[in-house]
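Engineer: My structure is in input.pdb, and what it holds is PDB, C-alpha atoms (C1' of nucleotides):
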ATOM      1  CA  MET A 128      -1.086   2.622 -21.322  1.00  0.00           C
ATOM      2  CA  ARG A 129      -2.541   6.086 -21.097  1.00  0.00           C
ATOM      3  CA  THR A 130      -6.041   5.868 -19.719  1.00  0.00           C
ATOM      4  CA  GLU A 131      -7.296   4.985 -16.285  1.00  0.00           C
ATOM      5  CA  GLN A 132      -8.745   1.820 -17.759  1.00  0.00           C
ATOM      6  CA  ASP A 133      -5.313   0.831 -19.016  1.00  0.00           C
ATOM      7  CA  VAL A 134      -3.980   1.249 -15.502  1.00  0.00           C
ATOM      8  CA  ILE A 135      -6.715  -0.902 -14.001  1.00  0.00           C
ATOM      9  CA  ARG A 136      -6.204  -3.532 -16.669  1.00  0.00           C
ATOM     10  CA  TYR A 137      -2.477  -3.686 -16.005  1.00  0.00           C
ATOM     11  CA  LEU A 138      -3.178  -4.083 -12.297  1.00  0.00           C
ATOM     12  CA  SER A 139      -5.609  -6.945 -12.744  1.00  0.00           C
ATOM     13  CA  ASP A 140      -3.524  -9.199 -10.517  1.00  0.00           C
ATOM     14  CA  TYR A 141      -3.275  -6.644  -7.737  1.00  0.00           C
ATOM     15  CA  SER A 142      -5.668  -6.190  -4.812  1.00  0.00           C
ATOM     16  CA  ASP A 143      -8.594  -3.774  -4.968  1.00  0.00           C
ATOM     17  CA  PHE A 144      -6.834  -1.625  -2.413  1.00  0.00           C
ATOM     18  CA  GLU A 145      -3.757  -1.307  -4.595  1.00  0.00           C
ATOM     19  CA  LYS A 146      -5.835  -0.571  -7.681  1.00  0.00           C
ATOM     20  CA  ALA A 147      -7.666   2.178  -5.807  1.00  0.00           C
ATOM     21  CA  VAL A 148      -4.418   3.736  -4.619  1.00  0.00           C
ATOM     22  CA  TYR A 149      -2.827   3.809  -8.051  1.00  0.00           C
ATOM     23  CA  VAL A 150      -5.950   5.051  -9.777  1.00  0.00           C
ATOM     24  CA  ALA A 151      -6.378   7.870  -7.277  1.00  0.00           C
ATOM     25  CA  THR A 152      -2.744   8.825  -7.785  1.00  0.00           C
ATOM     26  CA  PHE A 153      -3.137   8.607 -11.552  1.00  0.00           C
ATOM     27  CA  ARG A 154      -5.808  11.319 -11.267  1.00  0.00           C
ATOM     28  CA  ILE A 155      -3.550  13.893  -9.613  1.00  0.00           C
ATOM     29  CA  PRO A 156      -3.081  16.626 -12.238  1.00  0.00           C
ATOM     30  CA  TYR A 157       0.291  17.910 -13.419  1.00  0.00           C
ATOM     31  CA  GLY A 158       1.578  20.726 -11.264  1.00  0.00           C
ATOM     32  CA  LYS A 159      -0.397  19.651  -8.236  1.00  0.00           C
ATOM     33  CA  VAL A 160       0.161  17.211  -5.367  1.00  0.00           C
ATOM     34  CA  SER A 161      -1.816  15.193  -2.842  1.00  0.00           C
ATOM     35  CA  THR A 162      -0.966  13.518   0.436  1.00  0.00           C
ATOM     36  CA  TYR A 163      -0.920   9.915   1.637  1.00  0.00           C
ATOM     37  CA  GLN A 164      -3.728  10.789   4.008  1.00  0.00           C
ATOM     38  CA  LYS A 165      -5.903  12.416   1.366  1.00  0.00           C
ATOM     39  CA  ILE A 166      -5.460   9.449  -0.953  1.00  0.00           C
ATOM     40  CA  ALA A 167      -6.454   7.164   1.910  1.00  0.00           C
ATOM     41  CA  ARG A 168      -9.618   9.166   2.506  1.00  0.00           C
ATOM     42  CA  LYS A 169     -10.422   9.285  -1.196  1.00  0.00           C
ATOM     43  CA  ILE A 170     -10.416   5.501  -1.491  1.00  0.00           C
ATOM     44  CA  GLY A 171     -12.555   5.059   1.592  1.00  0.00           C
ATOM     45  CA  GLU A 172      -9.791   3.873   3.948  1.00  0.00           C
ATOM     46  CA  PRO A 173      -9.167   6.975   6.071  1.00  0.00           C
ATOM     47  CA  ASP A 174      -6.791   5.200   8.423  1.00  0.00           C
ATOM     48  CA  ALA A 175      -4.745   3.367   5.829  1.00  0.00           C
ATOM     49  CA  MET A 176      -2.405   6.204   4.918  1.00  0.00           C
ATOM     50  CA  ARG A 177       0.509   4.080   5.961  1.00  0.00           C
ATOM     51  CA  ALA A 178      -0.525   1.232   3.706  1.00  0.00           C
ATOM     52  CA  VAL A 179      -1.002   3.784   0.932  1.00  0.00           C
ATOM     53  CA  ALA A 180       2.598   4.854   1.335  1.00  0.00           C
ATOM     54  CA  ASN A 181       3.782   1.255   1.216  1.00  0.00           C
ATOM     55  CA  THR A 182       1.803   0.680  -1.947  1.00  0.00           C
ATOM     56  CA  LEU A 183       3.144   3.734  -3.727  1.00  0.00           C
ATOM     57  CA  HIS A 184       6.623   2.711  -2.717  1.00  0.00           C
ATOM     58  CA  ASN A 185       6.254  -0.338  -4.959  1.00  0.00           C
ATOM     59  CA  ASN A 186       4.655   1.545  -7.838  1.00  0.00           C
ATOM     60  CA  PRO A 187       4.830  -0.927 -10.769  1.00  0.00           C
ATOM     61  CA  LEU A 188       3.611   1.765 -13.168  1.00  0.00           C
ATOM     62  CA  TYR A 189       6.253   4.413 -12.712  1.00  0.00           C
ATOM     63  CA  PRO A 190       6.198   6.866 -14.387  1.00  0.00           C
ATOM     64  CA  ILE A 191       2.701   6.283 -15.728  1.00  0.00           C
ATOM     65  CA  VAL A 192       1.335   6.642 -12.218  1.00  0.00           C
ATOM     66  CA  PRO A 193       2.847   9.897 -10.839  1.00  0.00           C
ATOM     67  CA  CYS A 194       3.657   8.666  -7.365  1.00  0.00           C
ATOM     68  CA  TRP A 195       6.051  11.585  -6.838  1.00  0.00           C
ATOM     69  CA  ARG A 196       3.027  13.888  -6.596  1.00  0.00           C
ATOM     70  CA  VAL A 197       2.069  12.264  -3.300  1.00  0.00           C
ATOM     71  CA  VAL A 198       3.771  13.831  -0.299  1.00  0.00           C
ATOM     72  CA  ARG A 199       3.437  13.798   3.469  1.00  0.00           C
ATOM     73  CA  SER A 200       0.906  16.030   5.164  1.00  0.00           C
ATOM     74  CA  ASP A 201       3.638  18.470   6.136  1.00  0.00           C
ATOM     75  CA  GLY A 202       4.766  18.716   2.516  1.00  0.00           C
ATOM     76  CA  GLY A 203       7.899  16.665   3.061  1.00  0.00           C
ATOM     77  CA  PHE A 204       9.159  13.716   1.023  1.00  0.00           C
ATOM     78  CA  GLY A 205       9.668  10.463   2.861  1.00  0.00           C
ATOM     79  CA  GLY A 206      11.810   7.462   2.164  1.00  0.00           C
ATOM     80  CA  GLU A 207      15.467   7.109   1.341  1.00  0.00           C
ATOM     81  CA  ALA A 208      17.213  10.453   0.991  1.00  0.00           C
ATOM     82  CA  LYS A 209      18.344  10.014  -2.595  1.00  0.00           C
ATOM     83  CA  ALA A 210      14.983   8.821  -3.883  1.00  0.00           C
ATOM     84  CA  ALA A 211      13.213  11.527  -1.931  1.00  0.00           C
ATOM     85  CA  ALA A 212      15.427  14.172  -3.507  1.00  0.00           C
ATOM     86  CA  GLU A 213      14.573  12.898  -6.974  1.00  0.00           C
ATOM     87  CA  ARG A 214      10.882  13.083  -6.279  1.00  0.00           C
ATOM     88  CA  ARG A 215      11.328  16.601  -4.982  1.00  0.00           C
ATOM     89  CA  GLU A 216      13.055  17.659  -8.184  1.00  0.00           C
ATOM     90  CA  ARG A 217      10.308  16.162 -10.290  1.00  0.00           C
ATOM     91  CA  VAL A 218       7.680  18.025  -8.329  1.00  0.00           C
ATOM     92  CA  GLU A 219       9.602  21.274  -8.608  1.00  0.00           C
ATOM     93  CA  ASN A 220      10.004  20.758 -12.353  1.00  0.00           C
ATOM     94  CA  GLU A 221       6.243  20.637 -12.585  1.00  0.00           C
ATOM     95  CA  GLY A 222       6.094  24.088 -11.088  1.00  0.00           C
ATOM     96  CA  VAL A 223       5.072  23.165  -7.564  1.00  0.00           C
ATOM     97  CA  PRO A 224       6.405  25.731  -5.062  1.00  0.00           C
ATOM     98  CA  THR A 225       8.710  24.384  -2.337  1.00  0.00           C
ATOM     99  CA  ALA A 226      10.699  25.728   0.570  1.00  0.00           C
ATOM    100  CA  ASP A 227      13.237  24.003   2.813  1.00  0.00           C
ATOM    101  CA  GLY A 228      12.838  20.821   0.777  1.00  0.00           C
ATOM    102  CA  LYS A 229       9.122  20.748   1.402  1.00  0.00           C
ATOM    103  CA  VAL A 230       6.100  21.521  -0.737  1.00  0.00           C
ATOM    104  CA  LEU A 231       4.249  24.654   0.294  1.00  0.00           C
ATOM    105  CA  MET A 232       0.927  23.073   1.172  1.00  0.00           C
ATOM    106  CA  THR A 233      -1.355  25.765  -0.195  1.00  0.00           C
ATOM    107  CA  ASP A 234      -4.943  24.936  -1.114  1.00  0.00           C
ATOM    108  CA  ASP A 235      -4.376  25.820  -4.750  1.00  0.00           C
ATOM    109  CA  ILE A 236      -1.804  23.097  -5.316  1.00  0.00           C
ATOM    110  CA  VAL A 237      -2.880  20.357  -2.934  1.00  0.00           C
ATOM    111  CA  VAL A 238      -5.579  18.124  -4.319  1.00  0.00           C
TER
ATOM    112  C1'  DC B 967      -3.028 -16.818  11.892  1.00  0.00           C
ATOM    113  C1'  DC B 968       0.609 -14.209  13.980  1.00  0.00           C
ATOM    114  C1'  DC B 969       4.499 -11.122  13.011  1.00  0.00           C
ATOM    115  C1'  DG B 970       7.464  -7.689  10.993  1.00  0.00           C
ATOM    116  C1'  DT B 971       7.692  -3.885   7.839  1.00  0.00           C
ATOM    117  C1'  DG B 972       7.116   0.973   6.447  1.00  0.00           C
ATOM    118  C1'  DA B 973       7.722   6.967   1.031  1.00  0.00           C
ATOM    119  C1'  DC B 974       2.465   8.115   7.719  1.00  0.00           C
ATOM    120  C1'  DC B 975       0.075  11.104  11.372  1.00  0.00           C
ATOM    121  C1'  DG B 976      -1.009  13.689  15.424  1.00  0.00           C
ATOM    122  C1'  DA B 977      -0.277  14.382  20.046  1.00  0.00           C
ATOM    123  C1'  DC B 978       2.868  14.942  23.445  1.00  0.00           C
ATOM    124  C1'  DT B 979       7.479  15.549  25.741  1.00  0.00           C
TER
ATOM    125  C1'  DC C 454      11.652  22.978  17.705  1.00  0.00           C
ATOM    126  C1'  DA C 455      13.459  18.137  17.390  1.00  0.00           C
ATOM    127  C1'  DG C 456      12.397  13.509  19.070  1.00  0.00           C
ATOM    128  C1'  DT C 457       9.503   9.772  20.658  1.00  0.00           C
ATOM    129  C1'  DC C 458       5.317   7.061  20.955  1.00  0.00           C
ATOM    130  C1'  DG C 459       1.103   4.700  20.034  1.00  0.00           C
ATOM    131  C1'  DG C 460      -2.223   3.856  16.667  1.00  0.00           C
ATOM    132  C1'  DC C 461      -3.359   2.173  11.965  1.00  0.00           C
ATOM    133  C1'  DC C 462      -3.197  -0.955   7.947  1.00  0.00           C
ATOM    134  C1'  DA C 463      -2.365  -3.824   3.668  1.00  0.00           C
ATOM    135  C1'  DC C 464       0.869  -7.253   2.370  1.00  0.00           C
ATOM    136  C1'  DG C 465       4.096 -11.011   2.391  1.00  0.00           C
ATOM    137  C1'  DG C 466       6.525 -14.663   4.812  1.00  0.00           C
TER
END
Is it possible to express this structure as structure tokens?
Structural biologist:
Amino acid sequence: MRTEQDVIRYLSDYSDFEKAVYVATFRIPYGKVSTYQKIARKIGEPDAMRAVANTLHNNPLYPIVPCWRVVRSDGGFGGEAKAAAERRERVENEGVPTADGKVLMTDDIVV
DNA sequence: CCCGTGACCGACT
DNA sequence: CAGTCGGCCACGG
């Protein structure tokens, strides 16, 4: 369970949409982040950012698939407060700059 | 097939 | 600047 192929194999029972979401997220490099909207665009479903969020919420491959590296467009972390705080810590531990509980959405860290 | 749900977004009070 | 609102969408019941 390390390569992208492993991820796809594990998700064999999931929909193509879900596979695409997890694979795209799997590609986000350490120390960087992406947004629900960008992931949606990447997989060819520009208006499905909401569905992307739902999918990541049920991430069956945590922590193989780094879902915590996906944030809202404004750099904030959604979801339940406690869980959101954990994701924020993880992101900060990877060296991503934050302020006021939000990621500083600079072009050098947002993929 | 319709309906509710939700880790969203942008525009508009 | 904090809320609200309508639009969008995959998924499960």
Engineer: Return as a PyMOL selection string the residues belonging to chain B that are within 12 Å of chain A, counting all atoms listed in the file.
Structural biologist: chain B and resi 971-976
Engineer: Would you translate the PyMOL selection byres ((chain C and resi 457) around 8) into the concrete set of residues it matches in this file, as a count of residues only?
Structural biologist: 3
Engineer: Please evaluate the PyMOL selection byres ((chain C) within 7 of (chain A)) against the displayed coordinates and give the resulting residues as a PyMOL selection string.
Structural biologist: chain C and resi 461-463
Engineer: If we count only C-alpha atoms (C1' of nucleotides), what is near Ala151 of chain A at a cut-off of 10 Å, once residues fewer than 5 positions away on the same chain are taken out, given as a PyMOL selection string?
Structural biologist: chain A and resi 131+145-146+161+165-167+169-170+192
Engineer: Exactly which residues make up the result of the PyMOL selection byres ((chain A and resi 217) around 12) on this file, given as a list in words?
Structural biologist: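 Taken on the displayed file, the PyMOL selection byres ((chain A and resi 217) around 12) yields the residues Tyr157, Gly158, Lys159, Val160, Pro190, Pro193, Cys194, Trp195, Arg196, Val197, Phe204, Ala210, Ala211, Ala212, Glu213, Arg214, Arg215, Glu216, Val218, Glu219, Asn220, Glu221, Gly222, Val223, Pro224, Thr225 and Val230 of chain A.
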Engineer: Just give me the gap between atom CA of Leu188 of chain A and atom CA of Leu138 of chain A in Å, one decimal is fine.
Structural biologist: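 Computing the Euclidean distance for atom CA of Leu188 of chain A and atom CA of Leu138 of chain A yields 9.0 Å.
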Engineer: Around segment 973-979 of chain B, with edges along x, y and z and 5 Å added on all six sides, what centre and edge lengths do you get, in Å to one decimal, as AutoDock Vina command-line options?
Structural biologist:
--center_x 3.4 --center_y 11.3 --center_z 13.4 --size_x 18.7 --size_y 18.6 --size_z 34.7
Engineer: Give me, please, the distance in Å between atom CA of Ile236 of chain A and atom CA of Val134 of chain A, quoted to one decimal.
Structural biologist: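 Value for the atom CA of Ile236 of chain A-atom CA of Val134 of chain A distance: 24.2 Å.
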Engineer: Measure the distance from atom CA of Tyr189 of chain A to atom CA of Tyr137 of chain A in Å and round it to one decimal.
Structural biologist: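 So the two atoms, atom CA of Tyr189 of chain A and atom CA of Tyr137 of chain A, lie 12.4 Å apart.
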Engineer: Skip DC969 of chain B itself and residues of its chain fewer than 2 positions away, then list as a ChimeraX atom specification all residues within 12 Å of it, counting all atoms listed in the file.
Structural biologist: /B:967,971 /C:464-466
Engineer: Store the residues picked out above, limited to C-alpha atoms (C1' of nucleotides), as a compact mmCIF listing (two decimals), in the coordinates of the input.
Structural biologist:
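File written: part-v9.txt
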# COMPACT_ATOMS: atom_id res chain seq x y z
C1' DC B 967 -3.03 -16.82 11.89
C1' DT B 971 7.69 -3.88 7.84
C1' DC C 464 0.87 -7.25 2.37
C1' DG C 465 4.10 -11.01 2.39
C1' DG C 466 6.52 -14.66 4.81
